[in-house]
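S.K.: Structure file final-v1.txt (compact mmCIF, C-alpha atoms) right here:
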# COMPACT_ATOMS: atom_id res chain seq x y z
CA MET M 1 19.94 12.80 -20.79
CA SER M 2 18.45 12.47 -17.30
CA LEU M 3 15.04 13.51 -18.62
CA PHE M 4 15.21 10.72 -21.21
CA GLN M 5 16.22 8.19 -18.54
CA SER M 6 13.45 9.31 -16.19
CA LEU M 7 10.86 8.52 -18.86
CA PHE M 8 11.87 4.87 -18.80
CA ASN M 9 12.63 4.54 -15.11
CA LEU M 10 9.85 2.32 -13.79
CA ARG M 11 9.83 2.99 -10.06
CA ARG M 12 6.95 1.73 -7.99
CA PRO M 13 5.08 4.50 -6.19
CA LEU M 14 5.60 4.78 -2.45
CA ARG M 15 2.69 3.74 -0.25
CA HIS M 16 1.90 4.58 3.38
CA TYR M 17 1.65 1.96 6.13
CA ALA M 18 0.94 2.01 9.86
CA LEU M 19 2.04 -0.61 12.39
CA VAL M 20 -1.02 -1.47 14.47
CA ASP M 21 -0.94 -3.65 17.58
CA LYS M 22 -3.60 -6.14 18.70
CA SER M 23 -5.69 -3.45 20.40
CA GLY M 24 -5.75 -1.20 17.30
CA ILE M 25 -3.18 1.33 18.51
CA CYS M 26 -0.85 2.82 15.89
CA ARG M 27 2.76 2.16 16.89
CA ALA M 28 4.81 3.32 13.88
CA PRO M 29 4.44 4.82 10.38
CA GLN M 30 6.34 3.66 7.30
CA VAL M 31 6.59 4.64 3.64
CA ALA M 32 7.57 1.81 1.30
CA PRO M 33 7.05 0.68 -2.30
CA SER M 34 5.66 -2.70 -1.19
CA VAL M 35 3.92 -4.26 1.79
CA PRO M 36 6.20 -4.81 4.83
CA LEU M 37 6.78 -8.46 5.75
CA SER M 38 5.02 -8.41 9.12
CA SER M 39 1.26 -8.92 9.07
CA ASP M 40 0.68 -6.09 11.56
CA TRP M 41 1.23 -3.37 8.95
CA ILE M 42 -1.93 -1.81 7.50
CA GLU M 43 -2.00 0.36 4.39
CA VAL M 44 -3.32 3.86 5.08
CA ASN M 45 -4.16 6.75 2.77
CA GLU M 46 -1.75 9.19 4.48
CA GLN M 47 0.57 9.49 7.46
CA ARG M 48 -0.11 11.62 10.48
CA VAL M 49 2.14 11.97 13.48
CA ASN M 50 -0.82 12.45 15.81
CA TRP M 51 -1.92 8.84 15.12
CA LEU M 52 1.05 7.51 17.15
CA ASN M 53 -0.05 5.81 20.38
CA GLN M 54 -3.69 6.46 19.40
CA PRO M 55 -6.32 4.20 17.85
CA LEU M 56 -6.01 4.21 14.08
CA PRO M 57 -9.09 5.88 12.52
CA CYS M 58 -11.17 3.59 10.31
CA SER M 59 -11.26 6.27 7.61
CA ALA M 60 -7.45 6.09 7.28
CA ARG M 61 -7.41 2.47 6.12
CA VAL M 62 -7.08 1.71 2.43
CA LEU M 63 -9.38 -1.02 1.20
CA ARG M 64 -7.58 -3.69 -0.77
CA ARG M 65 -9.04 -4.60 -4.11
CA GLN M 66 -9.12 -8.28 -4.84
CA ARG M 67 -8.03 -9.35 -8.26
CA THR M 68 -10.81 -10.91 -10.26
CA PHE M 69 -10.18 -12.80 -13.43
CA ASN M 70 -12.65 -12.65 -16.26
CA THR M 71 -13.20 -16.26 -17.30
CA SER M 72 -15.27 -15.33 -20.34
CA ARG M 73 -12.19 -13.93 -22.10
CA GLN M 74 -9.99 -16.98 -21.77
CA LEU M 75 -8.38 -18.24 -24.93
CA ILE M 76 -9.96 -21.29 -26.46
CA THR M 77 -7.48 -23.66 -28.01
CA ALA M 78 -8.47 -26.58 -30.18
Turn this file's structure into structure tokens for me.

M.R.:
Amino acid sequence: MSLFQSLFNLRRPLRHYALVDKSGICRAPQVAPSVPLSSDWIEVNEQRVNWLNQPLPCSARVLRRQRTFNTSRQLITA
């Protein structure tokens, strides 16, 4: 029965974040399903312990995709 339930369990995947201070130093890692509330958290592609108290590498940052809406496919109602 647990296999059947796991097929319909819609859990959000966990994502990696790093707390970065004003000078770009990584202060803490976090794994969470959604963005932490503070604006100082940056999404990264992985977590590494050796980033603590070091500048966060630019290659570690995940680029956010902006949602674009296709206006040509809007419904036309008369």

S.K.: Which residue is closest to M:Leu10? Choose from M:Ala60, M:Pro55, M:Arg48, M:Pro33 and count all atoms listed in the file.

M.R.: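 The shortest atom-to-atom distance to M:Leu10 comes from M:Pro33.
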
S.K.: Within 7 Å of M:Ile25, counting all atoms listed in the file, which residues show up once you throw out same-chain ones fewer than 4 positions away? Write them as a list in words, please.

M.R.: Val20, Asp21, Asn53, Gln54, Pro55 and Leu56 of chain M

S.K.: Quick one: residues within 9 Å of M:Ala28, only C-alpha atoms, excluding same-chain residues fewer than 6 positions away - as a ChimeraX atom specification?

M.R.: /M:17-20,51-53

S.K.: As a list in words, please: the residues near M:Glu46 (cut-off 12 Å, all atoms listed in the file, same-chain neighbours under 2 positions excluded).

M.R.: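 The residues satisfying every condition are Leu14, Arg15, His16, Tyr17, Ala18, Pro29, Gln30, Val31, Ile42, Glu43, Val44, Arg48, Val49, Asn50, Trp51, Leu56, Pro57, Ser59, Ala60, Arg61 and Val62 of chain M.
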
S.K.: So how many Å separate atom CA of M:Ala32 and atom CA of M:Asn45, to one decimal?

M.R.: 12.8 Å

S.K.: Figure out the distance between atom CA of M:Ser34 and atom CA of M:Leu3, please, to one decimal in Å.

M.R.: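 It comes out at 25.6 Å.
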
S.K.: From the structure block, carefully write stretch 9-23 of chain M out with all heavy atoms; format it as a PDB file, in the first residue's frame.

M.R.:
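The resulting selection33.pdb:
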ATOM      1  N   ASN M   9       1.841  10.920  -3.740  1.00  0.00           N
ATOM      2  CA  ASN M   9       2.350  11.863  -2.767  1.00  0.00           C
ATOM      3  C   ASN M   9       3.122  12.950  -3.522  1.00  0.00           C
ATOM      4  O   ASN M   9       4.188  12.704  -4.076  1.00  0.00           O
ATOM      5  CB  ASN M   9       3.261  11.149  -1.767  1.00  0.00           C
ATOM      6  CG  ASN M   9       3.636  12.048  -0.624  1.00  0.00           C
ATOM      7  OD1 ASN M   9       3.196  13.191  -0.536  1.00  0.00           O
ATOM      8  ND2 ASN M   9       4.471  11.529   0.258  1.00  0.00           N
ATOM      9  N   LEU M  10       2.596  14.145  -3.546  1.00  0.00           N
ATOM     10  CA  LEU M  10       3.194  15.227  -4.311  1.00  0.00           C
ATOM     11  C   LEU M  10       4.056  16.113  -3.403  1.00  0.00           C
ATOM     12  O   LEU M  10       3.652  17.190  -2.994  1.00  0.00           O
ATOM     13  CB  LEU M  10       2.098  16.057  -4.985  1.00  0.00           C
ATOM     14  CG  LEU M  10       1.188  15.275  -5.928  1.00  0.00           C
ATOM     15  CD1 LEU M  10       0.084  16.171  -6.441  1.00  0.00           C
ATOM     16  CD2 LEU M  10       1.990  14.693  -7.071  1.00  0.00           C
ATOM     17  N   ARG M  11       5.248  15.649  -3.107  1.00  0.00           N
ATOM     18  CA  ARG M  11       6.172  16.438  -2.308  1.00  0.00           C
ATOM     19  C   ARG M  11       7.008  17.315  -3.219  1.00  0.00           C
ATOM     20  O   ARG M  11       7.424  16.898  -4.289  1.00  0.00           O
ATOM     21  CB  ARG M  11       7.110  15.540  -1.506  1.00  0.00           C
ATOM     22  CG  ARG M  11       6.452  14.932  -0.315  1.00  0.00           C
ATOM     23  CD  ARG M  11       7.471  14.301   0.563  1.00  0.00           C
ATOM     24  NE  ARG M  11       7.581  12.895   0.183  1.00  0.00           N
ATOM     25  CZ  ARG M  11       8.551  12.094   0.553  1.00  0.00           C
ATOM     26  NH1 ARG M  11       9.531  12.553   1.289  1.00  0.00           N
ATOM     27  NH2 ARG M  11       8.561  10.840   0.177  1.00  0.00           N
ATOM     28  N   ARG M  12       7.259  18.528  -2.774  1.00  0.00           N
ATOM     29  CA  ARG M  12       8.128  19.400  -3.543  1.00  0.00           C
ATOM     30  C   ARG M  12       9.574  18.963  -3.328  1.00  0.00           C
ATOM     31  O   ARG M  12       9.961  18.592  -2.218  1.00  0.00           O
ATOM     32  CB  ARG M  12       7.967  20.845  -3.095  1.00  0.00           C
ATOM     33  CG  ARG M  12       6.655  21.437  -3.557  1.00  0.00           C
ATOM     34  CD  ARG M  12       6.614  22.895  -3.282  1.00  0.00           C
ATOM     35  NE  ARG M  12       6.169  23.087  -1.901  1.00  0.00           N
ATOM     36  CZ  ARG M  12       6.134  24.241  -1.284  1.00  0.00           C
ATOM     37  NH1 ARG M  12       6.527  25.320  -1.890  1.00  0.00           N
ATOM     38  NH2 ARG M  12       5.722  24.334  -0.058  1.00  0.00           N
ATOM     39  N   PRO M  13      10.387  19.005  -4.370  1.00  0.00           N
ATOM     40  CA  PRO M  13      11.787  18.607  -4.199  1.00  0.00           C
ATOM     41  C   PRO M  13      12.541  19.601  -3.320  1.00  0.00           C
ATOM     42  O   PRO M  13      12.222  20.793  -3.295  1.00  0.00           O
ATOM     43  CB  PRO M  13      12.337  18.611  -5.627  1.00  0.00           C
ATOM     44  CG  PRO M  13      11.430  19.506  -6.379  1.00  0.00           C
ATOM     45  CD  PRO M  13      10.090  19.393  -5.727  1.00  0.00           C
ATOM     46  N   LEU M  14      13.514  19.096  -2.584  1.00  0.00           N
ATOM     47  CA  LEU M  14      14.320  19.958  -1.724  1.00  0.00           C
ATOM     48  C   LEU M  14      15.339  20.715  -2.561  1.00  0.00           C
ATOM     49  O   LEU M  14      15.917  20.172  -3.495  1.00  0.00           O
ATOM     50  CB  LEU M  14      15.011  19.127  -0.654  1.00  0.00           C
ATOM     51  CG  LEU M  14      14.081  18.449   0.345  1.00  0.00           C
ATOM     52  CD1 LEU M  14      14.886  17.588   1.308  1.00  0.00           C
ATOM     53  CD2 LEU M  14      13.269  19.472   1.106  1.00  0.00           C
ATOM     54  N   ARG M  15      15.551  21.980  -2.219  1.00  0.00           N
ATOM     55  CA  ARG M  15      16.502  22.819  -2.927  1.00  0.00           C
ATOM     56  C   ARG M  15      17.553  23.316  -1.948  1.00  0.00           C
ATOM     57  O   ARG M  15      17.317  23.384  -0.747  1.00  0.00           O
ATOM     58  CB  ARG M  15      15.757  23.980  -3.584  1.00  0.00           C
ATOM     59  CG  ARG M  15      14.814  23.459  -4.664  1.00  0.00           C
ATOM     60  CD  ARG M  15      13.695  24.376  -5.017  1.00  0.00           C
ATOM     61  NE  ARG M  15      14.077  25.712  -5.398  1.00  0.00           N
ATOM     62  CZ  ARG M  15      13.194  26.679  -5.646  1.00  0.00           C
ATOM     63  NH1 ARG M  15      11.918  26.442  -5.583  1.00  0.00           N
ATOM     64  NH2 ARG M  15      13.599  27.880  -5.968  1.00  0.00           N
ATOM     65  N   HIS M  16      18.719  23.672  -2.451  1.00  0.00           N
ATOM     66  CA  HIS M  16      19.846  24.098  -1.622  1.00  0.00           C
ATOM     67  C   HIS M  16      19.950  25.619  -1.620  1.00  0.00           C
ATOM     68  O   HIS M  16      19.827  26.259  -2.670  1.00  0.00           O
ATOM     69  CB  HIS M  16      21.150  23.509  -2.158  1.00  0.00           C
ATOM     70  CG  HIS M  16      21.148  22.021  -2.237  1.00  0.00           C
ATOM     71  ND1 HIS M  16      21.354  21.222  -1.146  1.00  0.00           N
ATOM     72  CD2 HIS M  16      20.946  21.177  -3.273  1.00  0.00           C
ATOM     73  CE1 HIS M  16      21.291  19.955  -1.506  1.00  0.00           C
ATOM     74  NE2 HIS M  16      21.037  19.902  -2.804  1.00  0.00           N
ATOM     75  N   TYR M  17      20.207  26.168  -0.422  1.00  0.00           N
ATOM     76  CA  TYR M  17      20.349  27.611  -0.254  1.00  0.00           C
ATOM     77  C   TYR M  17      21.585  27.894   0.586  1.00  0.00           C
ATOM     78  O   TYR M  17      22.011  27.078   1.401  1.00  0.00           O
ATOM     79  CB  TYR M  17      19.121  28.214   0.438  1.00  0.00           C
ATOM     80  CG  TYR M  17      17.866  28.048  -0.378  1.00  0.00           C
ATOM     81  CD1 TYR M  17      17.008  26.983  -0.157  1.00  0.00           C
ATOM     82  CD2 TYR M  17      17.545  28.948  -1.381  1.00  0.00           C
ATOM     83  CE1 TYR M  17      15.863  26.814  -0.910  1.00  0.00           C
ATOM     84  CE2 TYR M  17      16.398  28.789  -2.144  1.00  0.00           C
ATOM     85  CZ  TYR M  17      15.571  27.727  -1.904  1.00  0.00           C
ATOM     86  OH  TYR M  17      14.448  27.559  -2.657  1.00  0.00           O
ATOM     87  N   ALA M  18      22.139  29.098   0.393  1.00  0.00           N
ATOM     88  CA  ALA M  18      23.274  29.557   1.189  1.00  0.00           C
ATOM     89  C   ALA M  18      22.961  30.959   1.698  1.00  0.00           C
ATOM     90  O   ALA M  18      22.486  31.811   0.935  1.00  0.00           O
ATOM     91  CB  ALA M  18      24.548  29.571   0.358  1.00  0.00           C
ATOM     92  N   LEU M  19      23.217  31.198   2.983  1.00  0.00           N
ATOM     93  CA  LEU M  19      23.040  32.518   3.570  1.00  0.00           C
ATOM     94  C   LEU M  19      24.299  33.316   3.297  1.00  0.00           C
ATOM     95  O   LEU M  19      25.393  32.927   3.718  1.00  0.00           O
ATOM     96  CB  LEU M  19      22.791  32.404   5.079  1.00  0.00           C
ATOM     97  CG  LEU M  19      22.600  33.712   5.824  1.00  0.00           C
ATOM     98  CD1 LEU M  19      21.345  34.424   5.357  1.00  0.00           C
ATOM     99  CD2 LEU M  19      22.538  33.459   7.322  1.00  0.00           C
ATOM    100  N   VAL M  20      24.154  34.414   2.587  1.00  0.00           N
ATOM    101  CA  VAL M  20      25.308  35.224   2.179  1.00  0.00           C
ATOM    102  C   VAL M  20      25.164  36.608   2.787  1.00  0.00           C
ATOM    103  O   VAL M  20      24.103  37.235   2.690  1.00  0.00           O
ATOM    104  CB  VAL M  20      25.383  35.317   0.637  1.00  0.00           C
ATOM    105  CG1 VAL M  20      26.548  36.161   0.201  1.00  0.00           C
ATOM    106  CG2 VAL M  20      25.481  33.932   0.035  1.00  0.00           C
ATOM    107  N   ASP M  21      26.239  37.099   3.417  1.00  0.00           N
ATOM    108  CA  ASP M  21      26.177  38.431   4.010  1.00  0.00           C
ATOM    109  C   ASP M  21      26.462  39.507   2.960  1.00  0.00           C
ATOM    110  O   ASP M  21      26.628  39.213   1.775  1.00  0.00           O
ATOM    111  CB  ASP M  21      27.115  38.539   5.219  1.00  0.00           C
ATOM    112  CG  ASP M  21      28.574  38.376   4.850  1.00  0.00           C
ATOM    113  OD1 ASP M  21      28.897  38.280   3.654  1.00  0.00           O
ATOM    114  OD2 ASP M  21      29.405  38.354   5.778  1.00  0.00           O
ATOM    115  N   LYS M  22      26.524  40.754   3.395  1.00  0.00           N
ATOM    116  CA  LYS M  22      26.673  41.888   2.470  1.00  0.00           C
ATOM    117  C   LYS M  22      27.986  41.857   1.695  1.00  0.00           C
ATOM    118  O   LYS M  22      28.074  42.365   0.594  1.00  0.00           O
ATOM    119  CB  LYS M  22      26.577  43.211   3.232  1.00  0.00           C
ATOM    120  CG  LYS M  22      25.284  43.390   3.980  1.00  0.00           C
ATOM    121  CD  LYS M  22      24.124  43.545   3.048  1.00  0.00           C
ATOM    122  CE  LYS M  22      22.859  43.754   3.859  1.00  0.00           C
ATOM    123  NZ  LYS M  22      21.667  43.422   3.167  1.00  0.00           N
ATOM    124  N   SER M  23      29.016  41.244   2.248  1.00  0.00           N
ATOM    125  CA  SER M  23      30.312  41.185   1.571  1.00  0.00           C
ATOM    126  C   SER M  23      30.477  39.927   0.715  1.00  0.00           C
ATOM    127  O   SER M  23      31.539  39.697   0.164  1.00  0.00           O
ATOM    128  CB  SER M  23      31.447  41.283   2.592  1.00  0.00           C
ATOM    129  OG  SER M  23      31.361  40.228   3.519  1.00  0.00           O
TER     130      SER M  23
END
